[in-house]
Amino acid sequence: MDFRGFVALITGSTSGIGLGIARGLAAKGASVMLNGLESSEKMSCIRTELAQEYNVEVMYVQADMLKPTDILSMIKCCENVFGHVDILVNNAGMQYVAPVETFPPDKWDAIISLGTTVPFHTIRAVLPGMRKRKWGRIINTASAHALVASPFKSAYVASKHALAGLTKSIALETARDGVTVNAIAPGYVWTSLVETQIPETMKARNLTEEEVKNDVLLAAQPTKQFVTVEQIAALVCFLASKDAASITGAILPIDGGWTAQ
Ligand code: NAD
């Protein structure tokens with residue numbers, strides 16, 4: 001589908017999966033609002049590159065999703081600049097790997113909040129506009145960890161399972177309003193979020209870097225390949241399209257067969 005005239009807001013889109021999704025939607029003509037913790041100066045190159053490459057409007061708002069006031073001002077900013085939000089992608093997330101007894105409570109709070117409370121705030125802020133226009137797409141970046149667990153990731157697994165529940169519940173609330181609400185459940189994708197958990201996993205499991213990659217991360221993925229950011233962007237573009245109108249309340253694995261086991 002050509003998304004020209006449609007506006008996409010993607011939280012946590014300064015890198016990795018979020019930036020890949022923004023690129024995918026921009027390539028199909030969507031106006032894009034990027035978000036993250038980086039400064040506007042640091043993001044200006046990416047903004048300009050996307051805007052010029054795809055001939056679309058690209059804005060960036062620096063906003064900390066852990067602050068509800070930042071969430072509201074980000075959405076206001078998007079509505080002021082573009083008029084409305086048609087596609088909301090709740091993608092901001094973080095990871096921390098440690099046994100539960102030594103899991104830092106502040107990391108627990110931040111991970112749980114990013115996975116559940118933040119999407120609650122963003123969704124409730126954009127829904128009135130979507131309902132009014134009788135069209136909307138909400139896509140939550142969950143994880144294979146929304147469906148299955150791994151040790152030492154208690155906060156992440158709990159938050160992604162909760163996000164799956166939130167997705168289903170709001171899908172039911174909006175089912176007759178032209179709004180779909182889905183979650184994608186990627187397996188391992190090679191991004192900074194995965195790269196930075198390697199030292200923690202080496203420590204927690206007493207393994208080498210190669211052992212963590214092959215025996216922990218890709219051990220779960222029957223394809224033995226990392227999922228690519230481009231594959232995820234393609235799935236999100238489909239879910240955002242008119243053809244996906246009957247897909248709602250779904251938690252869609254894109255995990256190289258991980259959760260089939
Ligand atoms: P990443 O570290 O490249 O991206 C994380 C993004 O979230 C960044 O843009 C960062 O700025 C943003 N972010 C973090 N805290 C924020 C905050 N408080 N406010 C605003 N933005 C914040 O990692 P990624 O792998 O691209 O992760 C993106 C999403 O994909 C996360 O929700 C993650 O849980 C999910 N995911 C990743 C994988 C994987 O293997 N990489 C697998 C499944 C799901």
# chains A, B, ... in the order shown; residues from 1 in each chain; ligands from 1

$ residues_around --residues "range 114-126 of chain A" --least-positions-apart "4" --cutoff "8 Å" --atoms "only C-alpha atoms" --output "count of residues only"
23

$ select_by_dssp --residues "range 21-122 of chain A" --states "strand (DSSP E)" --output "mmCIF file with N, CA and C atoms, in the first residue's frame"
data_model
loop_
_atom_site.group_PDB
_atom_site.id
_atom_site.type_symbol
_atom_site.label_atom_id
_atom_site.label_comp_id
_atom_site.auth_asym_id
_atom_site.auth_seq_id
_atom_site.Cartn_x
_atom_site.Cartn_y
_atom_site.Cartn_z
ATOM 1 N N SER A 31 4.498 9.988 6.112
ATOM 2 C CA SER A 31 5.192 11.009 6.898
ATOM 3 C C SER A 31 5.561 10.345 8.218
ATOM 4 N N VAL A 32 6.738 10.659 8.703
ATOM 5 C CA VAL A 32 7.245 9.898 9.847
ATOM 6 C C VAL A 32 7.679 10.812 10.981
ATOM 7 N N MET A 33 7.255 10.466 12.200
ATOM 8 C CA MET A 33 7.747 11.123 13.414
ATOM 9 C C MET A 33 8.627 10.125 14.143
ATOM 10 N N LEU A 34 9.905 10.456 14.225
ATOM 11 C CA LEU A 34 10.849 9.609 14.959
ATOM 12 C C LEU A 34 10.892 10.045 16.411
ATOM 13 N N ASN A 35 11.306 9.127 17.284
ATOM 14 C CA ASN A 35 11.426 9.462 18.714
ATOM 15 C C ASN A 35 12.577 8.671 19.331
ATOM 16 N N GLY A 36 13.120 9.261 20.369
ATOM 17 C CA GLY A 36 14.144 8.568 21.146
ATOM 18 C C GLY A 36 14.773 9.521 22.132
ATOM 19 N N VAL A 58 9.930 14.069 7.510
ATOM 20 C CA VAL A 58 10.429 13.297 8.654
ATOM 21 C C VAL A 58 10.756 14.278 9.776
ATOM 22 N N MET A 59 10.129 14.053 10.930
ATOM 23 C CA MET A 59 10.400 14.891 12.102
ATOM 24 C C MET A 59 10.982 14.008 13.199
ATOM 25 N N TYR A 60 11.635 14.662 14.161
ATOM 26 C CA TYR A 60 12.160 13.910 15.302
ATOM 27 C C TYR A 60 11.778 14.649 16.572
ATOM 28 N N VAL A 61 11.289 13.916 17.559
ATOM 29 C CA VAL A 61 11.057 14.533 18.860
ATOM 30 C C VAL A 61 11.831 13.741 19.917
ATOM 31 N N GLN A 62 12.702 14.484 20.610
ATOM 32 C CA GLN A 62 13.441 13.876 21.721
ATOM 33 C C GLN A 62 12.489 13.838 22.908
ATOM 34 N N ILE A 87 -0.702 5.783 12.252
ATOM 35 C CA ILE A 87 -0.011 4.531 12.572
ATOM 36 C C ILE A 87 0.862 4.800 13.793
ATOM 37 N N LEU A 88 0.590 4.077 14.859
ATOM 38 C CA LEU A 88 1.417 4.204 16.071
ATOM 39 C C LEU A 88 2.197 2.902 16.242
ATOM 40 N N VAL A 89 3.507 3.023 16.322
ATOM 41 C CA VAL A 89 4.326 1.834 16.592
ATOM 42 C C VAL A 89 4.992 2.032 17.955
ATOM 43 N N ASN A 90 4.567 1.217 18.921
ATOM 44 C CA ASN A 90 5.178 1.258 20.264
ATOM 45 C C ASN A 90 6.390 0.344 20.238
#

$ residues_around --residues "Val227 in chain A" --least-positions-apart "3" --cutoff "12 Å" --atoms "only C-alpha atoms" --output "VMD selection string"
chain A and resid 16 to 17 143 to 144 185 to 191 194 217 to 218 221 to 224 230 to 235 253 to 258

$ residues_around --residues "range 210-215 of chain A" --least-positions-apart "4" --cutoff "8 Å" --atoms "only C-alpha atoms" --output "compact mmCIF listing (two decimals) with C-alpha atoms, in the first residue's frame"
# COMPACT_ATOMS: atom_id res chain seq x y z
CA ILE A 198 26.27 -10.19 25.34
CA THR A 201 24.96 -12.96 29.42
CA MET A 202 28.63 -14.00 29.34
CA ALA A 219 20.18 -21.81 19.94

$ closest_residue --among "A:Leu193, A:Leu25, A:Val181, A:Ala171" --to "ligand 1" --atoms "only C-alpha atoms and all ligand atoms"
A:Leu193

$ atom_distance --atom1 "CA of Ala250 in chain A" --atom2 "CA of Thr167 in chain A"
7.8 Å

$ closest_residue --among "A:Gln261, A:Ser150, A:Thr196, A:Asn80" --to "ligand 1" --atoms "only C-alpha atoms and all ligand atoms"
A:Thr196

$ residues_around --residues "range 133-137 of chain A" --least-positions-apart "2" --cutoff "10 Å" --atoms "only C-alpha atoms" --output "ChimeraX atom specification"
/A:6,8,84-89,126-131,139-140,174,176-182,236,239-242,244-245,248

$ decode --residues "range 133-155 of chain A" --atoms "N, CA, C and O atoms" --output "CSV table (one decimal), in the first residue's frame"
chain,number,residue,atom,x,y,z
A,133,ARG,N,-11.5,9.4,13.0
A,133,ARG,CA,-11.3,9.2,11.6
A,133,ARG,C,-11.7,7.8,11.1
A,133,ARG,O,-11.5,7.5,9.9
A,134,LYS,N,-12.0,7.0,12.1
A,134,LYS,CA,-12.4,5.6,11.7
A,134,LYS,C,-11.3,4.8,11.0
A,134,LYS,O,-11.6,4.0,10.2
A,135,TRP,N,-10.1,5.2,11.4
A,135,TRP,CA,-9.0,4.4,10.8
A,135,TRP,C,-7.8,4.6,11.7
A,135,TRP,O,-7.4,5.7,12.1
A,136,GLY,N,-7.1,3.5,12.0
A,136,GLY,CA,-5.9,3.5,12.8
A,136,GLY,C,-5.2,2.2,12.8
A,136,GLY,O,-5.8,1.1,12.7
A,137,ARG,N,-3.9,2.3,13.0
A,137,ARG,CA,-3.1,1.0,13.1
A,137,ARG,C,-2.2,1.2,14.3
A,137,ARG,O,-1.4,2.2,14.4
A,138,ILE,N,-2.3,0.3,15.3
A,138,ILE,CA,-1.4,0.3,16.4
A,138,ILE,C,-0.6,-1.0,16.4
A,138,ILE,O,-1.2,-2.1,16.3
A,139,ILE,N,0.7,-0.9,16.4
A,139,ILE,CA,1.5,-2.0,16.3
A,139,ILE,C,2.6,-2.0,17.4
A,139,ILE,O,3.3,-1.0,17.5
A,140,ASN,N,2.5,-3.0,18.2
A,140,ASN,CA,3.4,-3.0,19.4
A,140,ASN,C,4.6,-4.0,19.1
A,140,ASN,O,4.3,-5.1,18.8
A,141,THR,N,5.8,-3.5,19.4
A,141,THR,CA,6.9,-4.4,19.2
A,141,THR,C,7.0,-5.2,20.5
A,141,THR,O,7.5,-4.7,21.5
A,142,ALA,N,6.5,-6.4,20.5
A,142,ALA,CA,6.7,-7.3,21.6
A,142,ALA,C,8.0,-8.1,21.4
A,142,ALA,O,9.0,-7.5,21.1
A,143,SER,N,7.9,-9.4,21.4
A,143,SER,CA,9.1,-10.2,21.3
A,143,SER,C,8.7,-11.7,21.3
A,143,SER,O,7.6,-12.0,21.8
A,144,ALA,N,9.5,-12.6,20.9
A,144,ALA,CA,9.3,-14.0,21.1
A,144,ALA,C,9.1,-14.2,22.6
A,144,ALA,O,8.4,-15.1,23.1
A,145,HIS,N,9.7,-13.3,23.4
A,145,HIS,CA,9.6,-13.4,24.9
A,145,HIS,C,8.2,-12.9,25.4
A,145,HIS,O,8.0,-12.8,26.6
A,146,ALA,N,7.3,-12.6,24.4
A,146,ALA,CA,5.9,-12.4,24.8
A,146,ALA,C,5.2,-13.7,24.8
A,146,ALA,O,4.1,-13.8,25.3
A,147,LEU,N,5.8,-14.8,24.3
A,147,LEU,CA,5.2,-16.1,24.1
A,147,LEU,C,5.9,-17.2,24.9
A,147,LEU,O,5.3,-18.1,25.3
A,148,VAL,N,7.2,-17.0,25.0
A,148,VAL,CA,8.0,-18.0,25.8
A,148,VAL,C,9.0,-17.2,26.7
A,148,VAL,O,9.2,-16.0,26.5
A,149,ALA,N,9.6,-18.0,27.6
A,149,ALA,CA,10.5,-17.3,28.5
A,149,ALA,C,12.0,-17.8,28.3
A,149,ALA,O,12.2,-18.8,27.7
A,150,SER,N,12.9,-17.0,28.8
A,150,SER,CA,14.3,-17.4,29.0
A,150,SER,C,14.7,-17.0,30.4
A,150,SER,O,14.2,-16.0,30.9
A,151,PRO,N,15.7,-17.7,30.9
A,151,PRO,CA,16.1,-17.3,32.3
A,151,PRO,C,16.9,-16.0,32.3
A,151,PRO,O,17.4,-15.6,31.2
A,152,PHE,N,16.9,-15.4,33.4
A,152,PHE,CA,17.7,-14.1,33.6
A,152,PHE,C,17.1,-12.9,32.9
A,152,PHE,O,17.8,-11.9,32.9
A,153,LYS,N,15.9,-13.0,32.4
A,153,LYS,CA,15.3,-11.9,31.7
A,153,LYS,C,13.9,-11.7,32.3
A,153,LYS,O,12.9,-11.4,31.6
A,154,SER,N,13.8,-11.7,33.6
A,154,SER,CA,12.5,-11.7,34.3
A,154,SER,C,11.7,-10.5,33.9
A,154,SER,O,10.5,-10.6,33.5
A,155,ALA,N,12.3,-9.3,33.9
A,155,ALA,CA,11.6,-8.1,33.7
A,155,ALA,C,11.1,-8.0,32.2
A,155,ALA,O,10.0,-7.7,31.9
